[in-house]
file my_file-v2.tsv (TSV, N, CA and C atoms)
chain	number	residue	atom	x	y	z
A	18	MET	N	-0.16	-62.79	26.28
A	18	MET	CA	1.22	-62.83	25.87
A	18	MET	C	1.86	-61.47	26.02
A	19	ALA	N	1.20	-60.40	25.65
A	19	ALA	CA	1.75	-59.05	25.78
A	19	ALA	C	1.95	-58.69	27.24
A	20	ASP	N	1.07	-59.16	28.13
A	20	ASP	CA	1.22	-58.90	29.55
A	20	ASP	C	2.48	-59.56	30.10
A	21	ALA	N	2.75	-60.79	29.69
A	21	ALA	CA	3.94	-61.49	30.15
A	21	ALA	C	5.20	-60.78	29.66
A	22	ALA	N	5.21	-60.30	28.43
A	22	ALA	CA	6.37	-59.60	27.88
A	22	ALA	C	6.64	-58.31	28.64
A	23	SER	N	5.58	-57.61	29.06
A	23	SER	CA	5.79	-56.34	29.77
A	23	SER	C	6.33	-56.56	31.18
A	24	GLU	N	6.19	-57.78	31.72
A	24	GLU	CA	6.71	-58.08	33.05
A	24	GLU	C	8.18	-58.46	33.04
A	25	LEU	N	8.75	-58.72	31.86
A	25	LEU	CA	10.15	-59.12	31.78
A	25	LEU	C	11.06	-57.95	32.14
A	26	LYS	N	12.15	-58.25	32.79
A	26	LYS	CA	13.13	-57.24	33.19
A	26	LYS	C	14.12	-57.06	32.04
A	27	TYR	N	14.18	-55.88	31.47
A	27	TYR	CA	15.13	-55.57	30.41
A	27	TYR	C	16.28	-54.75	31.00
A	28	ILE	N	17.47	-55.11	30.60
A	28	ILE	CA	18.65	-54.39	31.09
A	28	ILE	C	19.16	-53.51	29.95
A	29	PRO	N	19.12	-52.19	30.10
A	29	PRO	CA	19.59	-51.31	29.03
A	29	PRO	C	21.08	-51.47	28.79
A	30	PHE	N	21.50	-51.34	27.54
A	30	PHE	CA	22.89	-51.47	27.15
A	30	PHE	C	23.79	-50.54	27.97
A	31	GLU	N	23.30	-49.36	28.25
A	31	GLU	CA	24.09	-48.36	28.98
A	31	GLU	C	24.45	-48.81	30.40
A	32	SER	N	23.74	-49.79	30.93
A	32	SER	CA	24.01	-50.23	32.29
A	32	SER	C	25.21	-51.19	32.37
A	33	PHE	N	25.69	-51.67	31.23
A	33	PHE	CA	26.84	-52.56	31.23
A	33	PHE	C	28.12	-51.75	31.23
A	34	GLU	N	29.11	-52.23	31.98
A	34	GLU	CA	30.39	-51.56	32.05
A	34	GLU	C	31.43	-52.38	31.30
A	35	VAL	N	32.37	-51.69	30.65
A	35	VAL	CA	33.46	-52.38	29.97
A	35	VAL	C	34.20	-53.22	30.99
A	36	GLY	N	34.43	-54.47	30.66
A	36	GLY	CA	35.14	-55.37	31.57
A	36	GLY	C	34.27	-56.11	32.56
A	37	GLN	N	32.99	-55.79	32.62
A	37	GLN	CA	32.07	-56.49	33.51
A	37	GLN	C	32.03	-57.95	33.09
A	38	LYS	N	32.18	-58.87	34.03
A	38	LYS	CA	32.27	-60.29	33.69
A	38	LYS	C	31.28	-61.12	34.49
A	39	GLN	N	30.88	-62.22	33.88
A	39	GLN	CA	30.09	-63.22	34.59
A	39	GLN	C	30.29	-64.56	33.92
A	40	ASN	N	30.22	-65.60	34.71
A	40	ASN	CA	30.32	-66.97	34.22
A	40	ASN	C	29.05	-67.70	34.64
A	41	PHE	N	28.54	-68.55	33.76
A	41	PHE	CA	27.32	-69.28	34.10
A	41	PHE	C	27.16	-70.50	33.21
A	42	GLY	N	26.21	-71.33	33.60
A	42	GLY	CA	25.85	-72.50	32.82
A	42	GLY	C	26.71	-73.71	33.13
A	43	ALA	N	26.11	-74.85	32.90
A	43	ALA	CA	26.78	-76.15	32.99
A	43	ALA	C	25.97	-77.10	32.13
A	44	TYR	N	26.35	-77.22	30.86
A	44	TYR	CA	25.58	-78.00	29.90
A	44	TYR	C	26.36	-79.27	29.56
A	45	GLU	N	25.84	-80.43	29.98
A	45	GLU	CA	26.50	-81.68	29.68
A	45	GLU	C	26.06	-82.18	28.30
A	46	VAL	N	27.03	-82.43	27.47
A	46	VAL	CA	26.79	-82.84	26.08
A	46	VAL	C	26.63	-84.36	26.04
A	47	THR	N	25.57	-84.83	25.37
A	47	THR	CA	25.35	-86.27	25.26
A	47	THR	C	25.54	-86.75	23.82
A	48	GLU	N	25.92	-88.01	23.70
A	48	GLU	CA	26.08	-88.62	22.37
A	48	GLU	C	24.75	-88.58	21.60
A	49	GLU	N	23.67	-88.88	22.29
A	49	GLU	CA	22.35	-88.91	21.64
A	49	GLU	C	22.01	-87.53	21.06
A	50	GLU	N	22.28	-86.47	21.81
A	50	GLU	CA	21.98	-85.12	21.34
A	50	GLU	C	22.86	-84.73	20.16
A	51	ILE	N	24.13	-85.12	20.20
A	51	ILE	CA	25.05	-84.84	19.08
A	51	ILE	C	24.52	-85.47	17.80
A	52	ILE	N	24.13	-86.73	17.88
A	52	ILE	CA	23.64	-87.45	16.70
A	52	ILE	C	22.31	-86.88	16.22
A	53	GLU	N	21.42	-86.56	17.15
A	53	GLU	CA	20.12	-85.99	16.78
A	53	GLU	C	20.29	-84.65	16.04
A	54	PHE	N	21.12	-83.76	16.57
A	54	PHE	CA	21.35	-82.47	15.92
A	54	PHE	C	21.98	-82.67	14.55
A	55	ALA	N	23.01	-83.51	14.50
A	55	ALA	CA	23.72	-83.74	13.23
A	55	ALA	C	22.81	-84.35	12.17
A	56	THR	N	21.95	-85.24	12.58
A	56	THR	CA	21.02	-85.88	11.63
A	56	THR	C	20.16	-84.84	10.93
A	57	LYS	N	19.75	-83.81	11.67
A	57	LYS	CA	18.89	-82.77	11.10
A	57	LYS	C	19.67	-81.66	10.40
A	58	TYR	N	20.87	-81.29	10.92
A	58	TYR	CA	21.48	-80.04	10.48
A	58	TYR	C	22.92	-80.12	9.97
A	59	ASP	N	23.66	-81.17	10.30
A	59	ASP	CA	25.08	-81.21	9.92
A	59	ASP	C	25.52	-82.67	9.82
A	60	ALA	N	25.01	-83.36	8.82
A	60	ALA	CA	25.15	-84.81	8.70
A	60	ALA	C	26.52	-85.25	8.17
A	61	GLN	N	27.56	-84.92	8.91
A	61	GLN	CA	28.89	-85.39	8.58
A	61	GLN	C	29.22	-86.59	9.47
A	62	PHE	N	29.99	-87.55	8.93
A	62	PHE	CA	30.19	-88.83	9.61
A	62	PHE	C	30.76	-88.70	11.02
A	63	PHE	N	31.58	-87.69	11.28
A	63	PHE	CA	32.18	-87.56	12.62
A	63	PHE	C	31.22	-86.98	13.64
A	64	HIS	N	30.01	-86.57	13.17
A	64	HIS	CA	28.94	-86.15	14.07
A	64	HIS	C	27.87	-87.23	14.22
A	65	LEU	N	27.94	-88.27	13.37
A	65	LEU	CA	26.87	-89.26	13.31
A	65	LEU	C	27.25	-90.66	13.74
A	66	ASP	N	28.47	-91.08	13.45
A	66	ASP	CA	28.86	-92.47	13.61
A	66	ASP	C	30.06	-92.58	14.53
A	67	HIS	N	29.84	-93.11	15.73
A	67	HIS	CA	30.89	-93.21	16.74
A	67	HIS	C	32.11	-93.96	16.22
A	68	GLU	N	31.88	-95.10	15.57
A	68	GLU	CA	33.00	-95.92	15.08
A	68	GLU	C	33.74	-95.25	13.93
A	69	ALA	N	33.02	-94.75	12.94
A	69	ALA	CA	33.67	-94.10	11.81
A	69	ALA	C	34.42	-92.84	12.24
A	70	ALA	N	33.91	-92.16	13.25
A	70	ALA	CA	34.53	-90.92	13.72
A	70	ALA	C	35.91	-91.17	14.34
A	71	LYS	N	36.18	-92.41	14.78
A	71	LYS	CA	37.49	-92.73	15.34
A	71	LYS	C	38.61	-92.49	14.33
A	72	ASP	N	38.30	-92.62	13.04
A	72	ASP	CA	39.29	-92.43	11.98
A	72	ASP	C	39.33	-91.00	11.46
A	73	SER	N	38.60	-90.10	12.09
A	73	SER	CA	38.56	-88.70	11.64
A	73	SER	C	39.66	-87.89	12.32
A	74	LEU	N	39.80	-86.68	11.90
A	74	LEU	CA	40.72	-85.72	12.50
A	74	LEU	C	40.45	-85.56	14.00
A	75	PHE	N	39.19	-85.77	14.42
A	75	PHE	CA	38.79	-85.55	15.80
A	75	PHE	C	38.99	-86.78	16.70
A	76	GLY	N	39.17	-87.95	16.11
A	76	GLY	CA	39.43	-89.17	16.88
A	76	GLY	C	38.24	-89.75	17.59
A	77	GLY	N	37.07	-89.22	17.33
A	77	GLY	CA	35.85	-89.72	17.96
A	77	GLY	C	34.67	-88.83	17.63
A	78	LEU	N	33.50	-89.31	17.99
A	78	LEU	CA	32.28	-88.55	17.75
A	78	LEU	C	32.36	-87.19	18.43
A	79	CYS	N	32.03	-86.14	17.70
A	79	CYS	CA	32.05	-84.79	18.29
A	79	CYS	C	30.87	-83.98	17.79
A	80	ALA	N	30.53	-82.95	18.54
A	80	ALA	CA	29.39	-82.10	18.22
A	80	ALA	C	29.73	-81.17	17.05
A	81	SER	N	28.71	-80.86	16.28
A	81	SER	CA	28.82	-79.83	15.24
A	81	SER	C	29.11	-78.49	15.92
A	82	GLY	N	29.89	-77.65	15.27
A	82	GLY	CA	30.11	-76.31	15.78
A	82	GLY	C	28.80	-75.55	15.93
A	83	TRP	N	27.89	-75.79	14.98
A	83	TRP	CA	26.58	-75.11	15.05
A	83	TRP	C	25.77	-75.60	16.24
A	84	HIS	N	25.93	-76.88	16.58
A	84	HIS	CA	25.28	-77.43	17.77
A	84	HIS	C	25.86	-76.76	19.02
A	85	THR	N	27.18	-76.56	19.03
A	85	THR	CA	27.82	-75.88	20.15
A	85	THR	C	27.25	-74.47	20.32
A	86	CYS	N	27.03	-73.79	19.19
A	86	CYS	CA	26.41	-72.45	19.26
A	86	CYS	C	25.02	-72.53	19.87
A	87	ALA	N	24.24	-73.53	19.47
A	87	ALA	CA	22.88	-73.68	19.99
A	87	ALA	C	22.88	-73.97	21.49
A	88	MET	N	23.83	-74.81	21.94
A	88	MET	CA	23.92	-75.10	23.38
A	88	MET	C	24.30	-73.84	24.15
A	89	THR	N	25.21	-73.05	23.58
A	89	THR	CA	25.62	-71.80	24.21
A	89	THR	C	24.43	-70.84	24.30
A	90	MET	N	23.66	-70.73	23.23
A	90	MET	CA	22.49	-69.86	23.23
A	90	MET	C	21.49	-70.29	24.30
A	91	SER	N	21.33	-71.60	24.46
A	91	SER	CA	20.42	-72.11	25.49
A	91	SER	C	20.85	-71.66	26.88
A	92	MET	N	22.16	-71.73	27.16
A	92	MET	CA	22.65	-71.28	28.47
A	92	MET	C	22.48	-69.77	28.63
A	93	MET	N	22.67	-69.02	27.56
A	93	MET	CA	22.51	-67.57	27.63
A	93	MET	C	21.06	-67.19	27.93
A	94	VAL	N	20.11	-67.85	27.28
A	94	VAL	CA	18.69	-67.56	27.52
A	94	VAL	C	18.30	-67.96	28.94
A	95	ASP	N	18.79	-69.11	29.41
A	95	ASP	CA	18.50	-69.50	30.80
A	95	ASP	C	19.02	-68.44	31.77
A	96	ASN	N	20.21	-67.90	31.50
A	96	ASN	CA	20.77	-66.87	32.36
A	96	ASN	C	19.96	-65.57	32.26
A	97	MET	N	19.49	-65.24	31.06
A	97	MET	CA	18.65	-64.04	30.90
A	97	MET	C	17.36	-64.17	31.68
A	98	ASP	N	16.80	-65.37	31.71
A	98	ASP	CA	15.56	-65.58	32.47
A	98	ASP	C	15.76	-65.27	33.94
A	99	LEU	N	16.97	-65.46	34.44
A	99	LEU	CA	17.26	-65.18	35.85
A	99	LEU	C	17.64	-63.73	36.11
A	100	HIS	N	18.29	-63.08	35.13
A	100	HIS	CA	18.91	-61.79	35.39
A	100	HIS	C	18.47	-60.64	34.49
A	101	GLY	N	17.58	-60.89	33.56
A	101	GLY	CA	17.12	-59.82	32.68
A	101	GLY	C	17.25	-60.21	31.22
A	102	ARG	N	16.40	-59.64	30.40
A	102	ARG	CA	16.29	-60.02	29.00
A	102	ARG	C	17.10	-59.13	28.09
A	103	SER	N	17.40	-59.69	26.94
A	103	SER	CA	18.04	-58.97	25.86
A	103	SER	C	16.95	-58.36	24.98
A	104	LEU	N	17.28	-57.27	24.34
A	104	LEU	CA	16.34	-56.68	23.38
A	104	LEU	C	16.67	-57.12	21.96
A	105	GLY	N	17.55	-58.11	21.84
A	105	GLY	CA	17.97	-58.60	20.53
A	105	GLY	C	19.46	-58.44	20.36
A	106	SER	N	19.94	-58.83	19.21
A	106	SER	CA	21.37	-58.77	18.95
A	106	SER	C	21.63	-58.31	17.53
A	107	PRO	N	22.65	-57.50	17.34
A	107	PRO	CA	22.99	-57.09	15.98
A	107	PRO	C	23.77	-58.17	15.23
A	108	GLY	N	24.13	-59.27	15.90
A	108	GLY	CA	24.86	-60.35	15.27
A	108	GLY	C	26.25	-60.51	15.86
A	109	ILE	N	27.06	-61.28	15.19
A	109	ILE	CA	28.43	-61.50	15.64
A	109	ILE	C	29.39	-61.18	14.51
A	110	ASP	N	30.57	-60.77	14.86
A	110	ASP	CA	31.57	-60.44	13.85
A	110	ASP	C	32.51	-61.59	13.55
A	111	SER	N	32.69	-62.49	14.49
A	111	SER	CA	33.66	-63.56	14.31
A	111	SER	C	33.22	-64.78	15.10
A	112	LEU	N	33.45	-65.94	14.53
A	112	LEU	CA	33.10	-67.19	15.21
A	112	LEU	C	34.12	-68.23	14.80
A	113	ARG	N	34.73	-68.86	15.80
A	113	ARG	CA	35.69	-69.93	15.54
A	113	ARG	C	35.46	-71.05	16.54
A	114	TRP	N	35.65	-72.27	16.08
A	114	TRP	CA	35.56	-73.43	16.94
A	114	TRP	C	36.98	-73.91	17.19
A	115	LEU	N	37.49	-73.66	18.39
A	115	LEU	CA	38.90	-73.91	18.68
A	115	LEU	C	39.19	-75.34	19.10
A	116	ARG	N	38.21	-76.00	19.72
A	116	ARG	CA	38.38	-77.38	20.18
A	116	ARG	C	37.11	-78.16	19.93
A	117	PRO	N	37.24	-79.44	19.61
A	117	PRO	CA	36.04	-80.26	19.46
A	117	PRO	C	35.31	-80.43	20.79
A	118	VAL	N	34.02	-80.66	20.69
A	118	VAL	CA	33.19	-80.93	21.86
A	118	VAL	C	32.73	-82.38	21.75
A	119	TYR	N	33.04	-83.18	22.76
A	119	TYR	CA	32.76	-84.61	22.76
A	119	TYR	C	31.65	-84.96	23.74
A	120	PRO	N	31.01	-86.13	23.55
A	120	PRO	CA	30.02	-86.57	24.54
A	120	PRO	C	30.66	-86.63	25.92
A	121	GLY	N	29.93	-86.14	26.91
A	121	GLY	CA	30.43	-86.12	28.28
A	121	GLY	C	31.09	-84.81	28.67
A	122	ASP	N	31.45	-83.98	27.68
A	122	ASP	CA	32.01	-82.67	28.00
A	122	ASP	C	30.93	-81.79	28.64
A	123	VAL	N	31.35	-80.89	29.50
A	123	VAL	CA	30.42	-79.95	30.14
A	123	VAL	C	30.83	-78.54	29.70
A	124	LEU	N	29.91	-77.85	29.05
A	124	LEU	CA	30.15	-76.49	28.56
A	124	LEU	C	29.64	-75.47	29.57
A	125	SER	N	30.27	-74.31	29.57
A	125	SER	CA	29.80	-73.18	30.35
A	125	SER	C	30.06	-71.92	29.53
A	126	VAL	N	29.52	-70.80	29.97
A	126	VAL	CA	29.65	-69.54	29.25
A	126	VAL	C	30.38	-68.53	30.12
A	127	ALA	N	31.28	-67.79	29.51
A	127	ALA	CA	31.97	-66.70	30.19
A	127	ALA	C	31.73	-65.44	29.40
A	128	ASP	N	31.14	-64.45	30.05
A	128	ASP	CA	30.90	-63.14	29.43
A	128	ASP	C	32.06	-62.26	29.84
A	129	GLY	N	32.82	-61.81	28.86
A	129	GLY	CA	34.01	-61.03	29.15
A	129	GLY	C	33.83	-59.55	28.96
A	130	GLY	N	32.68	-59.04	29.12
A	130	GLY	CA	32.46	-57.60	29.00
A	130	GLY	C	31.42	-57.28	27.96
A	131	PHE	N	31.77	-57.39	26.70
A	131	PHE	CA	30.82	-57.09	25.62
A	131	PHE	C	30.74	-58.24	24.63
A	132	GLY	N	30.61	-59.45	25.14
A	132	GLY	CA	30.46	-60.58	24.25
A	132	GLY	C	30.51	-61.86	25.04
A	133	TYR	N	30.02	-62.91	24.45
A	133	TYR	CA	29.98	-64.20	25.10
A	133	TYR	C	30.93	-65.13	24.39
A	134	GLY	N	31.43	-66.09	25.12
A	134	GLY	CA	32.22	-67.16	24.55
A	134	GLY	C	31.83	-68.43	25.26
A	135	SER	N	31.88	-69.53	24.57
A	135	SER	CA	31.58	-70.81	25.17
A	135	SER	C	32.90	-71.52	25.46
A	136	PHE	N	33.04	-72.02	26.67
A	136	PHE	CA	34.29	-72.62	27.07
A	136	PHE	C	34.05	-73.99	27.67
A	137	LYS	N	35.07	-74.82	27.58
A	137	LYS	CA	35.03	-76.11	28.24
A	137	LYS	C	36.43	-76.46	28.68
A	138	GLU	N	36.50	-77.31	29.67
A	138	GLU	CA	37.80	-77.83	30.09
A	138	GLU	C	38.31	-78.73	28.97
A	139	PRO	N	39.63	-78.91	28.86
A	139	PRO	CA	40.14	-79.85	27.85
A	139	PRO	C	39.48	-81.21	28.05
A	140	SER	N	39.10	-81.81	26.95
A	140	SER	CA	38.32	-83.03	26.99
A	140	SER	C	39.13	-84.24	27.46
A	141	LYS	N	38.49	-85.09	28.24
A	141	LYS	CA	39.08	-86.36	28.62
A	141	LYS	C	39.11	-87.29	27.42
A	142	HIS	N	38.30	-87.00	26.41
A	142	HIS	CA	38.13	-87.88	25.26
A	142	HIS	C	38.99	-87.46	24.08
A	143	ARG	N	39.78	-86.44	24.24
A	143	ARG	CA	40.57	-85.87	23.14
A	143	ARG	C	41.59	-86.89	22.62
A	144	ARG	N	41.74	-86.92	21.33
A	144	ARG	CA	42.70	-87.78	20.67
A	144	ARG	C	44.11	-87.39	21.10
A	145	SER	N	44.94	-88.36	21.42
A	145	SER	CA	46.25	-88.05	21.98
A	145	SER	C	47.39	-88.18	20.98
A	146	ASP	N	47.16	-88.62	19.75
A	146	ASP	CA	48.29	-88.79	18.82
A	146	ASP	C	48.51	-87.61	17.92
call {"tool": "encode", "arguments": {"input": "my_file-v2.tsv", "output": "C-alpha cells"}}
result
Amino acid sequence: MADAASELKYIPFESFEVGQKQNFGAYEVTEEEIIEFATKYDAQFFHLDHEAAKDSLFGGLCASGWHTCAMTMSMMVDNMDLHGRSLGSPGIDSLRWLRPVYPGDVLSVADGGFGYGSFKEPSKHRRSD
C-alpha cells in the first residue's frame, strides 16, 4: 500500500495559477441512486417517494444536496486519478444548493481557479408553475 501511494502524482499548491480553469465529469443521476442515498442519509419524502414528491416545492423526486456533494466528490477523485492527487483539503467556507437535481440530470464539475462547483444544465424535469 505504501508503494502505491508513493507512485501517485501530487500537484503542489504553488503550481496552480489564479484563474486556471478546467471542466470535467459527466455523472448521470438515477432515480434508484437518489432513493438509495436518501434512505440511508436524508430520508425526506421528496427524496424517497416519486408520487409524494410531485406535491413538494420541487415538483418531483430530487436528489439530496448532500448526495449532490458526494457525486461531485466522485467526479473530482476520478479527475485526480487522471491528473494528480490532492494532499487533502482544509474544508469549504460556503455551500449552497441553487437548483434541484432530478433523475436523468447529468452533472459536471467546473474548477474556476481555487475551488470547485458542481453544475448542470437546467433540468428538463423542472416544475414549470
call {"tool": "atom_distance", "arguments": {"input": "my_file-v2.tsv", "atom1": "atom C of Ser81 (chain A)", "atom2": "atom N of Val118 (chain A)"}}
result
7.2 Å
call {"tool": "atom_distance", "arguments": {"input": "my_file-v2.tsv", "atom1": "CA of Met97 (chain A)", "atom2": "CA of Arg113 (chain A)"}}
result
23.7 Å
call {"tool": "residues_near_point", "arguments": {"input": "my_file-v2.tsv", "point": "(32.4, -76.8, 18.1)", "cutoff": "7 Å", "atoms": "only N, CA and C atoms", "output": "list of chain:residue names"}}
result
A:Ala80, A:Ser81, A:Gly82, A:Trp83, A:His84, A:Thr85, A:Cys86, A:Arg113, A:Trp114, A:Leu115, A:Arg116, A:Pro117, A:Val118
call {"tool": "atom_distance", "arguments": {"input": "my_file-v2.tsv", "atom1": "atom C of Thr56 (chain A)", "atom2": "atom N of Asn96 (chain A)"}}
result
26.6 Å
call {"tool": "closest_residue", "arguments": {"input": "my_file-v2.tsv", "among": "A:Ala87, A:Asp72, A:Leu112, A:Glu45", "to": "Tyr58 (chain A)", "atoms": "only C-alpha atoms"}}
result
A:Ala87
